[in-house]
Each structure stands twice: as C-alpha cells, then as structure tokens.
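K.L.:
This one is coords_10.pdb, PDB, C-alpha atoms.
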```pdb
ATOM      1  CA  ASP A   1       0.000   0.000   0.000
ATOM      2  CA  ASN A   2       1.240   3.535  -0.707
ATOM      3  CA  ASP A   3       0.372   4.986   2.702
ATOM      4  CA  LEU A   4       2.759   4.763   5.638
ATOM      5  CA  ILE A   5       0.518   3.070   8.217
ATOM      6  CA  PRO A   6      -0.518   0.107   6.008
ATOM      7  CA  PHE A   7       3.074  -0.144   4.757
ATOM      8  CA  ILE A   8       4.490  -0.476   8.287
ATOM      9  CA  THR A   9       1.685  -2.850   9.228
ATOM     10  CA  TYR A  10       2.655  -5.153   6.358
ATOM     11  CA  LEU A  11       6.303  -5.014   7.466
ATOM     12  CA  ILE A  12       5.329  -6.014  10.986
ATOM     13  CA  GLU A  13       3.115  -8.883   9.832
ATOM     14  CA  SER A  14       5.812 -10.229   7.503
ATOM     15  CA  ILE A  15       8.349 -10.302  10.342
ATOM     16  CA  ARG A  16       5.770 -11.847  12.689
ATOM     17  CA  ILE A  17       5.691 -14.940  10.500
ATOM     18  CA  HIS A  18       9.012 -15.846  12.135
ATOM     19  CA  TYR A  19       8.822 -13.719  15.304
ATOM     20  CA  PRO A  20       5.162 -13.715  16.471
ATOM     21  CA  SER A  21       5.663 -11.159  19.259
ATOM     22  CA  PHE A  22       7.373  -8.594  17.032
ATOM     23  CA  GLY A  23       6.024  -5.054  16.795
ATOM     24  CA  THR A  24       3.439  -4.948  19.581
ATOM     25  CA  ALA A  25       4.405  -1.461  20.775
ATOM     26  CA  LEU A  26       4.671  -0.229  17.214
ATOM     27  CA  LEU A  27       1.223  -1.549  16.304
ATOM     28  CA  ASN A  28      -0.239   0.241  19.314
ATOM     29  CA  LYS A  29       1.383   3.473  18.153
ATOM     30  CA  LEU A  30       0.017   2.964  14.641
ATOM     31  CA  GLN A  31      -3.500   2.616  16.018
ATOM     32  CA  GLU A  32      -3.094   6.021  17.660
ATOM     33  CA  LYS A  33      -2.102   7.535  14.304
ATOM     34  CA  GLU A  34      -4.898   6.032  12.188
ATOM     35  CA  PRO A  35      -6.139   6.580   9.587
ATOM     36  CA  TYR A  36      -3.140   8.582   8.357
ATOM     37  CA  ALA A  37       0.260   9.334   9.817
ATOM     38  CA  LYS A  38       1.602  12.882   9.624
ATOM     39  CA  GLU A  39       5.079  13.678   8.329
ATOM     40  CA  ARG A  40       6.321  14.460  11.837
ATOM     41  CA  ASP A  41       5.356  10.915  12.888
ATOM     42  CA  THR A  42       7.785   9.304  10.443
ATOM     43  CA  ALA A  43      10.889   9.585  12.661
ATOM     44  CA  THR A  44       9.009   8.320  15.721
ATOM     45  CA  LEU A  45       7.635   5.295  13.900
ATOM     46  CA  SER A  46      11.033   4.581  12.349
ATOM     47  CA  ALA A  47      12.719   4.686  15.747
ATOM     48  CA  LEU A  48      10.150   2.278  17.207
ATOM     49  CA  PHE A  49      10.648  -0.098  14.284
ATOM     50  CA  ILE A  50      14.437   0.022  14.699
ATOM     51  CA  ASN A  51      14.169  -0.665  18.437
ATOM     52  CA  GLU A  52      11.863  -3.636  17.802
ATOM     53  CA  VAL A  53      14.307  -5.099  15.264
ATOM     54  CA  ALA A  54      17.299  -4.522  17.542
ATOM     55  CA  SER A  55      15.550  -6.384  20.359
ATOM     56  CA  ILE A  56      15.644  -9.588  18.313
ATOM     57  CA  GLN A  57      18.838 -11.526  18.913
ATOM     58  CA  THR A  58      19.080 -13.089  15.452
ATOM     59  CA  THR A  59      19.631 -11.710  11.940
ATOM     60  CA  ILE A  60      16.610 -10.437  10.035
ATOM     61  CA  LYS A  61      16.652 -10.300   6.236
ATOM     62  CA  LEU A  62      13.830  -8.082   5.060
ATOM     63  CA  VAL A  63      13.001  -7.967   1.329
ATOM     64  CA  LEU A  64      11.078  -5.031  -0.139
ATOM     65  CA  ASP A  65      10.097  -6.104  -3.651
ATOM     66  CA  ASP A  66       8.758  -3.678  -6.306
ATOM     67  CA  PHE A  67       9.721  -0.741  -4.096
ATOM     68  CA  HIS A  68       9.298   1.611  -7.069
ATOM     69  CA  VAL A  69       5.522   1.286  -6.569
ATOM     70  CA  VAL A  70       5.683   3.208  -3.264
ATOM     71  CA  GLN A  71       8.963   5.037  -3.745
ATOM     72  CA  GLU A  72       7.315   8.343  -4.632
ATOM     73  CA  THR A  73       5.341   8.328  -1.371
ATOM     74  CA  GLU A  74       7.421  10.756   0.690
ATOM     75  CA  LYS A  75       6.556   9.344   4.111
ATOM     76  CA  ILE A  76       7.390   5.761   3.118
ATOM     77  CA  SER A  77      10.621   6.844   1.443
ATOM     78  CA  ALA A  78      11.575   8.917   4.496
ATOM     79  CA  PHE A  79      10.734   5.998   6.816
ATOM     80  CA  ILE A  80      13.067   3.585   4.986
ATOM     81  CA  GLU A  81      15.817   6.199   4.686
ATOM     82  CA  TYR A  82      15.645   6.816   8.438
ATOM     83  CA  VAL A  83      15.897   3.059   9.035
ATOM     84  CA  LEU A  84      18.974   2.914   6.795
ATOM     85  CA  LYS A  85      20.606   5.812   8.621
ATOM     86  CA  ASN A  86      20.129   4.062  11.954
ATOM     87  CA  CYS A  87      20.132   0.448  10.817
ATOM     88  CA  PRO A  88      20.690  -2.101  13.600
ATOM     89  CA  LYS A  89      23.461  -4.588  12.928
ATOM     90  CA  ASN A  90      21.089  -7.555  12.790
ATOM     91  CA  LEU A  91      18.965  -6.108   9.961
ATOM     92  CA  HIS A  92      19.801  -6.783   6.317
ATOM     93  CA  LEU A  93      17.524  -4.813   4.006
ATOM     94  CA  ILE A  94      17.112  -5.997   0.410
ATOM     95  CA  ILE A  95      15.324  -3.529  -1.864
ATOM     96  CA  ALA A  96      14.268  -4.514  -5.388
ATOM     97  CA  SER A  97      13.171  -1.575  -7.509
ATOM     98  CA  ARG A  98      13.029  -0.482 -11.134
ATOM     99  CA  THR A  99      14.330   2.927 -10.100
ATOM    100  CA  ARG A 100      17.151   3.885  -7.766
ATOM    101  CA  PRO A 101      15.984   5.674  -4.612
ATOM    102  CA  LYS A 102      17.479   9.151  -4.258
ATOM    103  CA  TRP A 103      18.622   8.702  -0.675
ATOM    104  CA  GLN A 104      21.801  10.559   0.272
ATOM    105  CA  ILE A 105      22.657   7.828   2.761
ATOM    106  CA  LEU A 106      23.347   5.392  -0.116
ATOM    107  CA  THR A 107      26.673   7.036  -0.992
ATOM    108  CA  LYS A 108      27.839   6.830   2.617
ATOM    109  CA  LEU A 109      26.792   3.186   2.882
ATOM    110  CA  MET A 110      28.634   2.354  -0.332
ATOM    111  CA  LEU A 111      31.846   4.049   0.792
ATOM    112  CA  GLU A 112      31.676   2.176   4.086
ATOM    113  CA  GLY A 113      31.219  -1.133   2.267
ATOM    114  CA  ASN A 114      27.724  -1.576   3.669
ATOM    115  CA  LEU A 115      25.854  -1.408   0.356
ATOM    116  CA  LEU A 116      25.782  -3.910  -2.488
ATOM    117  CA  GLU A 117      24.096  -2.424  -5.556
ATOM    118  CA  ILE A 118      23.108  -4.671  -8.453
ATOM    119  CA  LYS A 119      22.221  -2.721 -11.584
ATOM    120  CA  GLN A 120      20.629  -3.741 -14.870
ATOM    121  CA  ASP A 121      23.990  -4.204 -16.585
ATOM    122  CA  ASP A 122      25.053  -6.579 -13.816
ATOM    123  CA  LEU A 123      22.132  -8.861 -14.698
ATOM    124  CA  LEU A 124      22.939  -9.132 -18.409
ATOM    125  CA  LEU A 125      25.080 -12.132 -19.277
ATOM    126  CA  THR A 126      28.305 -11.838 -21.255
ATOM    127  CA  ILE A 127      29.006 -14.105 -24.224
ATOM    128  CA  GLU A 128      31.169 -16.289 -21.983
ATOM    129  CA  GLU A 129      28.384 -16.560 -19.402
ATOM    130  CA  VAL A 130      25.864 -17.410 -22.132
ATOM    131  CA  GLU A 131      28.092 -20.276 -23.252
ATOM    132  CA  VAL A 132      28.322 -21.610 -19.693
ATOM    133  CA  LEU A 133      24.547 -21.280 -19.192
ATOM    134  CA  LEU A 134      23.710 -23.175 -22.374
ATOM    135  CA  SER A 135      26.332 -25.845 -21.729
ATOM    136  CA  GLU A 136      25.737 -26.516 -18.027
ATOM    137  CA  CYS A 137      22.011 -25.833 -17.651
ATOM    138  CA  TYR A 138      20.663 -26.873 -21.052
ATOM    139  CA  LYS A 139      23.407 -29.328 -22.097
ATOM    140  CA  VAL A 140      23.697 -27.577 -25.452
ATOM    141  CA  GLU A 141      26.961 -26.909 -27.261
ATOM    142  CA  VAL A 142      27.043 -24.177 -29.933
ATOM    143  CA  ASP A 143      29.840 -22.915 -32.133
ATOM    144  CA  ASN A 144      31.233 -19.420 -31.791
ATOM    145  CA  ASP A 145      29.220 -17.934 -34.663
ATOM    146  CA  ASP A 146      25.918 -19.199 -33.278
ATOM    147  CA  LEU A 147      26.945 -18.044 -29.818
ATOM    148  CA  GLN A 148      27.512 -14.543 -31.176
ATOM    149  CA  ASP A 149      24.089 -14.644 -32.844
ATOM    150  CA  ILE A 150      22.384 -15.801 -29.635
ATOM    151  CA  HIS A 151      24.000 -13.054 -27.596
ATOM    152  CA  ALA A 152      23.113 -10.417 -30.187
ATOM    153  CA  LEU A 153      19.511 -11.610 -30.288
ATOM    154  CA  THR A 154      18.946 -11.738 -26.522
ATOM    155  CA  GLU A 155      21.474  -9.063 -25.467
ATOM    156  CA  GLY A 156      22.158 -11.228 -22.431
ATOM    157  CA  TRP A 157      18.614 -11.183 -21.010
ATOM    158  CA  VAL A 158      18.319 -14.377 -18.950
ATOM    159  CA  ILE A 159      14.591 -14.848 -19.567
ATOM    160  CA  ALA A 160      15.177 -14.730 -23.328
ATOM    161  CA  LEU A 161      18.186 -17.043 -23.086
ATOM    162  CA  GLY A 162      16.014 -19.540 -21.244
ATOM    163  CA  MET A 163      13.628 -19.704 -24.181
ATOM    164  CA  VAL A 164      16.521 -20.106 -26.605
ATOM    165  CA  GLY A 165      18.052 -22.851 -24.453
ATOM    166  CA  VAL A 166      14.856 -24.890 -24.394
ATOM    167  CA  ARG A 167      14.472 -24.604 -28.158
ATOM    168  CA  LEU A 168      18.117 -25.538 -28.771
ATOM    169  CA  GLN A 169      17.585 -28.785 -26.864
ATOM    170  CA  GLU A 170      15.122 -29.858 -29.571
ATOM    171  CA  TYR A 171      16.482 -28.342 -32.784
ATOM    172  CA  LYS A 172      19.796 -27.788 -34.494
ATOM    173  CA  PRO A 173      21.434 -24.458 -33.587
ATOM    174  CA  LEU A 174      21.483 -22.474 -36.802
ATOM    175  CA  PRO A 175      17.817 -22.857 -37.866
ATOM    176  CA  VAL A 176      16.491 -22.206 -34.384
ATOM    177  CA  ILE A 177      18.500 -19.011 -34.028
ATOM    178  CA  LYS A 178      16.994 -17.673 -37.216
ATOM    179  CA  GLN A 179      13.486 -18.701 -36.198
ATOM    180  CA  GLU A 180      13.688 -17.920 -32.479
ATOM    181  CA  LYS A 181      13.037 -14.224 -32.999
ATOM    182  CA  HIS A 182       9.365 -14.990 -33.586
ATOM    183  CA  SER A 183       9.053 -17.019 -30.362
ATOM    184  CA  LEU A 184      10.920 -14.416 -28.335
ATOM    185  CA  SER A 185       8.656 -11.758 -29.747
ATOM    186  CA  ASP A 186       5.668 -13.413 -28.041
ATOM    187  CA  LEU A 187       7.392 -13.069 -24.688
ATOM    188  CA  PHE A 188       8.651  -9.569 -25.313
ATOM    189  CA  GLN A 189       5.277  -8.455 -26.625
ATOM    190  CA  TYR A 190       3.745  -9.303 -23.268
ATOM    191  CA  ILE A 191       6.543  -7.578 -21.341
ATOM    192  CA  VAL A 192       6.672  -4.503 -23.556
ATOM    193  CA  PHE A 193       2.969  -3.763 -23.634
ATOM    194  CA  GLU A 194       2.550  -4.568 -19.947
ATOM    195  CA  VAL A 195       5.102  -1.848 -19.170
ATOM    196  CA  LEU A 196       3.867   0.515 -21.886
ATOM    197  CA  ASP A 197       0.303   0.456 -20.598
ATOM    198  CA  LYS A 198       1.499   1.714 -17.213
ATOM    199  CA  GLN A 199       3.204   4.790 -18.672
ATOM    200  CA  PRO A 200       1.620   8.247 -18.928
ATOM    201  CA  SER A 201       0.135   8.822 -22.368
ATOM    202  CA  HIS A 202       2.863  11.268 -23.466
ATOM    203  CA  ILE A 203       5.627   8.813 -22.472
ATOM    204  CA  LYS A 204       3.873   5.925 -24.216
ATOM    205  CA  SER A 205       3.524   8.032 -27.349
ATOM    206  CA  PHE A 206       7.189   9.070 -27.161
ATOM    207  CA  ILE A 207       8.377   5.452 -26.956
ATOM    208  CA  GLU A 208       6.189   4.252 -29.785
ATOM    209  CA  ARG A 209       6.974   7.120 -32.133
ATOM    210  CA  THR A 210      10.741   7.123 -31.552
ATOM    211  CA  SER A 211      10.958   3.349 -32.037
ATOM    212  CA  ILE A 212      11.712   3.994 -35.711
ATOM    213  CA  LEU A 213      15.112   5.416 -34.700
ATOM    214  CA  GLU A 214      18.163   3.175 -34.423
ATOM    215  CA  ASP A 215      19.923   5.734 -32.211
ATOM    216  CA  LEU A 216      18.217   8.069 -29.767
ATOM    217  CA  SER A 217      19.358  11.567 -28.901
ATOM    218  CA  ALA A 218      17.460  14.574 -27.611
ATOM    219  CA  PRO A 219      17.994  16.777 -30.705
ATOM    220  CA  VAL A 220      16.814  14.075 -33.105
ATOM    221  CA  CYS A 221      13.781  13.162 -30.957
ATOM    222  CA  ASN A 222      12.875  16.829 -30.547
ATOM    223  CA  GLN A 223      13.005  17.358 -34.293
ATOM    224  CA  LEU A 224      11.041  14.188 -35.050
ATOM    225  CA  LEU A 225       8.261  14.871 -32.562
ATOM    226  CA  GLY A 226       8.253  18.670 -32.539
ATOM    227  CA  ILE A 227       8.887  18.885 -28.796
ATOM    228  CA  GLN A 228      11.602  20.399 -26.582
ATOM    229  CA  ASN A 229      11.816  18.030 -23.611
ATOM    230  CA  SER A 230      13.227  14.856 -25.168
ATOM    231  CA  SER A 231      16.394  15.061 -23.066
ATOM    232  CA  ALA A 232      14.395  14.867 -19.823
ATOM    233  CA  ILE A 233      12.253  12.007 -21.157
ATOM    234  CA  LEU A 234      15.267   9.972 -22.298
ATOM    235  CA  GLU A 235      17.029  10.494 -18.981
ATOM    236  CA  ALA A 236      13.889   9.413 -17.101
ATOM    237  CA  LEU A 237      13.461   6.284 -19.243
ATOM    238  CA  PHE A 238      17.108   5.351 -18.716
ATOM    239  CA  GLU A 239      16.929   5.986 -14.973
ATOM    240  CA  LYS A 240      13.804   3.826 -14.707
ATOM    241  CA  HIS A 241      15.284   1.083 -16.941
ATOM    242  CA  ILE A 242      12.406   1.311 -19.390
ATOM    243  CA  PHE A 243      13.528  -0.295 -22.652
ATOM    244  CA  ILE A 244      16.603   1.848 -23.415
ATOM    245  CA  VAL A 245      20.323   1.466 -22.838
ATOM    246  CA  SER A 246      23.030   4.120 -22.970
ATOM    247  CA  THR A 247      25.535   3.883 -25.822
ATOM    248  CA  ASN A 248      27.385   7.176 -25.265
ATOM    249  CA  PRO A 249      26.833  10.269 -23.127
ATOM    250  CA  SER A 250      23.380  11.603 -24.114
ATOM    251  CA  GLN A 251      23.017   8.785 -26.666
ATOM    252  CA  TYR A 252      20.667   5.826 -26.258
ATOM    253  CA  ARG A 253      19.054   2.974 -28.153
ATOM    254  CA  TYR A 254      16.137   0.614 -27.624
ATOM    255  CA  HIS A 255      16.617  -3.100 -27.072
ATOM    256  CA  GLY A 256      16.380  -4.694 -30.533
ATOM    257  CA  LEU A 257      13.213  -6.738 -29.985
ATOM    258  CA  VAL A 258      11.580  -3.919 -28.029
ATOM    259  CA  ARG A 259      12.278  -1.557 -30.915
ATOM    260  CA  GLU A 260      10.773  -3.986 -33.425
ATOM    261  CA  LEU A 261       7.613  -4.529 -31.381
ATOM    262  CA  THR A 262       6.983  -0.864 -30.688
ATOM    263  CA  GLU A 263       7.751   0.056 -34.303
ATOM    264  CA  ASN A 264       5.223  -2.520 -35.521
ATOM    265  CA  HIS A 265       2.686  -1.221 -33.018
ATOM    266  CA  LEU A 266       3.334   2.286 -34.327
ATOM    267  CA  LYS A 267       2.652   1.178 -37.881
ATOM    268  CA  SER A 268      -0.523  -0.692 -36.946
ATOM    269  CA  SER A 269      -1.775   2.302 -34.963
ATOM    270  CA  ASN A 270      -1.334   4.606 -37.973
ATOM    271  CA  TYR A 271       0.450   7.351 -36.037
ATOM    272  CA  ASP A 272       0.878  10.541 -37.979
ATOM    273  CA  LEU A 273       4.480  11.634 -37.461
TER     274      LEU A 273
END
```
Render the structure in this file as structure tokens.
P.N.:
Amino acid sequence: DNDLIPFITYLIESIRIHYPSFGTALLNKLQEKEPYAKERDTATLSALFINEVASIQTTIKLVLDDFHVVQETEKISAFIEYVLKNCPKNLHLIIASRTRPKWQILTKLMLEGNLLEIKQDDLLLTIEEVEVLLSECYKVEVDNDDLQDIHALTEGWVIALGMVGVRLQEYKPLPVIKQEKHSLSDLFQYIVFEVLDKQPSHIKSFIERTSILEDLSAPVCNQLLGIQNSSAILEALFEKHIFIVSTNPSQYRYHGLVRELTENHLKSSNYDL
C-alpha cells in the first residue's frame, strides 16, 4: 500500500511470520495515528521499528520487492531512509526496484562497504556466461558464430536465453537461431505492452513514435516529434530502466526486440508523425 501506516503494518506482519511477538508497541502506536500518519510521525515510527528489530537476537533479512511502486510516497521513502541511517546490525535490508531511490545515505553506505548495488547491466550475461549457461544448464553446445548470434539476439537477457536454451535442446542451432526471434517476440510483446500500458500517455507516445530510430538523442527526438523536452524524457526512461540502454553520453538505443515490437505497433496504430 502507498500509505505509511498500512506499509508499516505489512512489514510487521511479515516479520511476525518468524517472530510472532514482534512489533506490539509499534502496532499500538500505529492505532493512535490512524487513519493517516503525519510527516512528523515518520521519525518516531522509524525509531520504534528500529528498536523492535534490535531487540531480536538473530539476523533479520527483510526484502522489499517492487519498491518503485511506493517510492514516490514521501513518508514511506523517508521511513526507509531513516531506518537505513540508523540500521541495527542484525537487519539486512534488500530492496528490489526499477528505479534507484534518491537517498543521500546510499553514498555513505557504499563508501563504508555496507551497500551492495546490483544494476541492470550486472544482470545481463556476457558471451562467456551465455556459453556456460547453455552448456551446463541446457546441455547444449554451440559454435562461436551461433553463440555470437544468440547473444546479439537476446542481449544477455536471462529470460530470453532460457527460451533459446529450451528450443536448442530440440532443434539444431542455426535454424532455431533464425526462427527464435518470432518465439521471443511473443514473450517480449507481453513484457513490452505490460510496461507501456502503465506509462503516462505522453511517455507511451514518445516510446512508440521514436521506435523507428536506431539511435536516440534529444535533438533528433525533438526534431522528429516537434517537442523540446526529449532530453528529460530519455534520462527518465534510462533511470527507470524502461527499454533503453546508454551507448554514449546523451546517446541511447532501444533493445532490438523492443524496438521492433513498438515500431510494428506504431505502424498498426497509424500514427501521424
């Protein structure tokens, strides 16, 4: 939930699965603050949460998945940042998010060696890693040329490589690589349009209409679309890991299959550029 009181309540209940007595004092305080907590309550509630965690003698690993959904809620963001600033030694916080929180404490934690940050590029497999994946997990051996083709097609995305690996177990390498693009498109179509549908209309339109470009830059996008804010849009898309990768400073491109899908959608929608 994107309000602080339900958010903290969910945290308490998740920890109570393993520590049933956790958070009693904090829950009582939350009941006093219902239905909504004020900004000045954030530090108090954070301190109570920290004290409750510190009272447990064992390590707690707390996972916050899809944190980007609530990240823009100031009170929730401030609550977690306060916890990080005063984090008890027995708490390990794992945050999974499409966007990087803009907490100043992150730099300090990184310099102290108390932060491990895994970015999108860290999750993309290299050619060597693709070879190991196909060989050890799918028991498939491919020659160097086919390996290059597979890596170019998937760009190291594990979910796409999984589909390729399954197909390679049944068919010879070269034909399946040439045909796999169609199968991967089914997967990517679901992913792409699921993400597209959640974007504001002007961002969705920007993505679809610039999909005809092999290389993306603010001046070119501005000229194509007759707008002046392409630089801000491109930076936001890159920061949120939405379909684009950086090739040079202020230069971007879409993932190959994403570009093809959105370009086809553009054509079928009869956009007037």
K.L.:
Measuring atom to atom with all atoms listed in the file, identify which of A:Ser46, A:Ser97, A:Gln223, A:Gln31 is nearest to Gln71 (chain A).
P.N.:
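Among the listed residues, the smallest separation from Gln71 (chain A) belongs to A:Ser97.
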K.L.:
With only C-alpha atoms as the counted atoms, please give the residues lying no more than 12 Å from Asn229 (chain A), apart from itself and same-chain residues fewer than 3 positions off, as a list of chain:residue names.
P.N.:
A:His202, A:Ile203, A:Phe206, A:Ser217, A:Ala218, A:Pro219, A:Val220, A:Cys221, A:Asn222, A:Gln223, A:Leu225, A:Gly226, A:Ala232, A:Ile233, A:Leu234, A:Glu235, A:Ala236
K.L.:
Find the residues near region 237-254 of chain A: any atom within 6 Å, counting all atoms listed in the file, skip ones fewer than 4 places away on the same chain, and give them as a PyMOL selection string.
P.N.:
chain A and resi 98-99+215-217+259
K.L.:
Set the distance at 9 Å and use all atoms listed in the file: which residues neighbour region 125-141 of chain A once local chain neighbours fewer than 4 positions away are removed? I'd like the list as a PyMOL selection string.
P.N.:
chain A and resi 121+147-148+150-151+155-158+161-162+164-166+168-169+173
K.L.:
Any chance you can output those residues with C-alpha atoms as an mmCIF file, in the frame of the given file?
P.N.:
```
data_model
loop_
_atom_site.group_PDB
_atom_site.id
_atom_site.type_symbol
_atom_site.label_atom_id
_atom_site.label_comp_id
_atom_site.auth_asym_id
_atom_site.auth_seq_id
_atom_site.Cartn_x
_atom_site.Cartn_y
_atom_site.Cartn_z
ATOM 1 C CA ASP A 121 23.990 -4.204 -16.585
ATOM 2 C CA LEU A 147 26.945 -18.044 -29.818
ATOM 3 C CA GLN A 148 27.512 -14.543 -31.176
ATOM 4 C CA ILE A 150 22.384 -15.801 -29.635
ATOM 5 C CA HIS A 151 24.000 -13.054 -27.596
ATOM 6 C CA GLU A 155 21.474 -9.063 -25.467
ATOM 7 C CA GLY A 156 22.158 -11.228 -22.431
ATOM 8 C CA TRP A 157 18.614 -11.183 -21.010
ATOM 9 C CA VAL A 158 18.319 -14.377 -18.950
ATOM 10 C CA LEU A 161 18.186 -17.043 -23.086
ATOM 11 C CA GLY A 162 16.014 -19.540 -21.244
ATOM 12 C CA VAL A 164 16.521 -20.106 -26.605
ATOM 13 C CA GLY A 165 18.052 -22.851 -24.453
ATOM 14 C CA VAL A 166 14.856 -24.890 -24.394
ATOM 15 C CA LEU A 168 18.117 -25.538 -28.771
ATOM 16 C CA GLN A 169 17.585 -28.785 -26.864
ATOM 17 C CA PRO A 173 21.434 -24.458 -33.587
#
```
K.L.:
Can you list, as a list of chain:residue names, every protein, DNA or RNA residue that comes within 9 Å of region 9-22 of chain A when you count all atoms listed in the file, leaving out same-chain residues fewer than 5 positions away?
P.N.:
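Final neighbour list, sorted by chain and number: A:Asp1, A:Leu4, A:Leu27, A:Leu30, A:Phe49, A:Glu52, A:Val53, A:Ile56, A:Ile60, A:Leu62, A:Leu64.
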K.L.:
Between CA of Ile95 (chain A) and CA of Asp65 (chain A), what distance in Å does the model show, to one decimal?
P.N.:
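Those two atoms sit 6.1 Å apart.
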K.L.:
Under the rule that all atoms listed in the file are counted, which of A:Ala25, A:Ile159, A:Leu213, A:Leu45 is the nearest residue to Phe79 (chain A)?
P.N.:
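Of A:Ala25, A:Ile159, A:Leu213, A:Leu45, the one nearest Phe79 (chain A), counting all atoms listed in the file, is A:Leu45.
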K.L.:
Counting only C-alpha atoms, which residue out of A:Glu117, A:Glu34, A:Glu74, A:Glu260 sits closest to Leu93 (chain A)?
P.N.:
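Closest to Leu93 (chain A) of all the choices is A:Glu117.
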K.L.:
With only C-alpha atoms as the basis for distance, which of A:Leu109, A:Ile94, A:Asp145, A:Thr262 is at the shortest distance from Lys204 (chain A)?
P.N.:
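Result for the nearest residue to Lys204 (chain A): A:Thr262.
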K.L.:
So how far away is CA of Leu91 (chain A) from CA of Thr59 (chain A), in Å?
P.N.:
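Atom-to-atom, CA of Thr59 (chain A) to CA of Leu91 (chain A), that is 6.0 Å.
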K.L.:
Provide the CA of Glu32 (chain A) to CA of Val69 (chain A) distance in Å, to one decimal place.
P.N.:
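Pair CA of Glu32 (chain A) / CA of Val69 (chain A) returns 26.1 Å.
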K.L.:
Run through the PyMOL selection byres ((chain A and resi 41) around 12) on the given coordinates and return the selected residues as a list in words.
P.N.:
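Selected by the PyMOL selection byres ((chain A and resi 41) around 12) here: Leu4, Ile5, Leu26, Lys29, Leu30, Glu32, Lys33, Glu34, Tyr36, Ala37, Lys38, Glu39, Arg40, Thr42, Ala43, Thr44, Leu45, Ser46, Ala47, Leu48, Lys75, Ile76, Ala78, Phe79 and Tyr82 of chain A.
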K.L.:
Given all atoms listed in the file as the basis, pick out the residue of A:Ser230, A:Glu72, A:Leu196, A:Arg100 nearest to Lys119 (chain A).
P.N.:
A:Arg100
K.L.:
Report the centre and edge lengths, in Å to one decimal, of an axis-aligned box enclosing every atom of region 206-209 of chain A listed in the file, padded by 6 Å on each side, as lines of an AutoDock Vina configuration file.
P.N.:
```
center_x = 7.3
center_y = 6.7
center_z = -29.5
size_x = 14.2
size_y = 16.8
size_z = 17.2
```
K.L.:
For a quick check of understanding, using only C-alpha atoms, which of A:Val258, A:Asn51, A:Val142, A:Ala96 has the smallest distance to Ile118 (chain A)?
P.N.:
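Comparing A:Val258, A:Asn51, A:Val142, A:Ala96 against Ile118 (chain A), the winner is A:Ala96.
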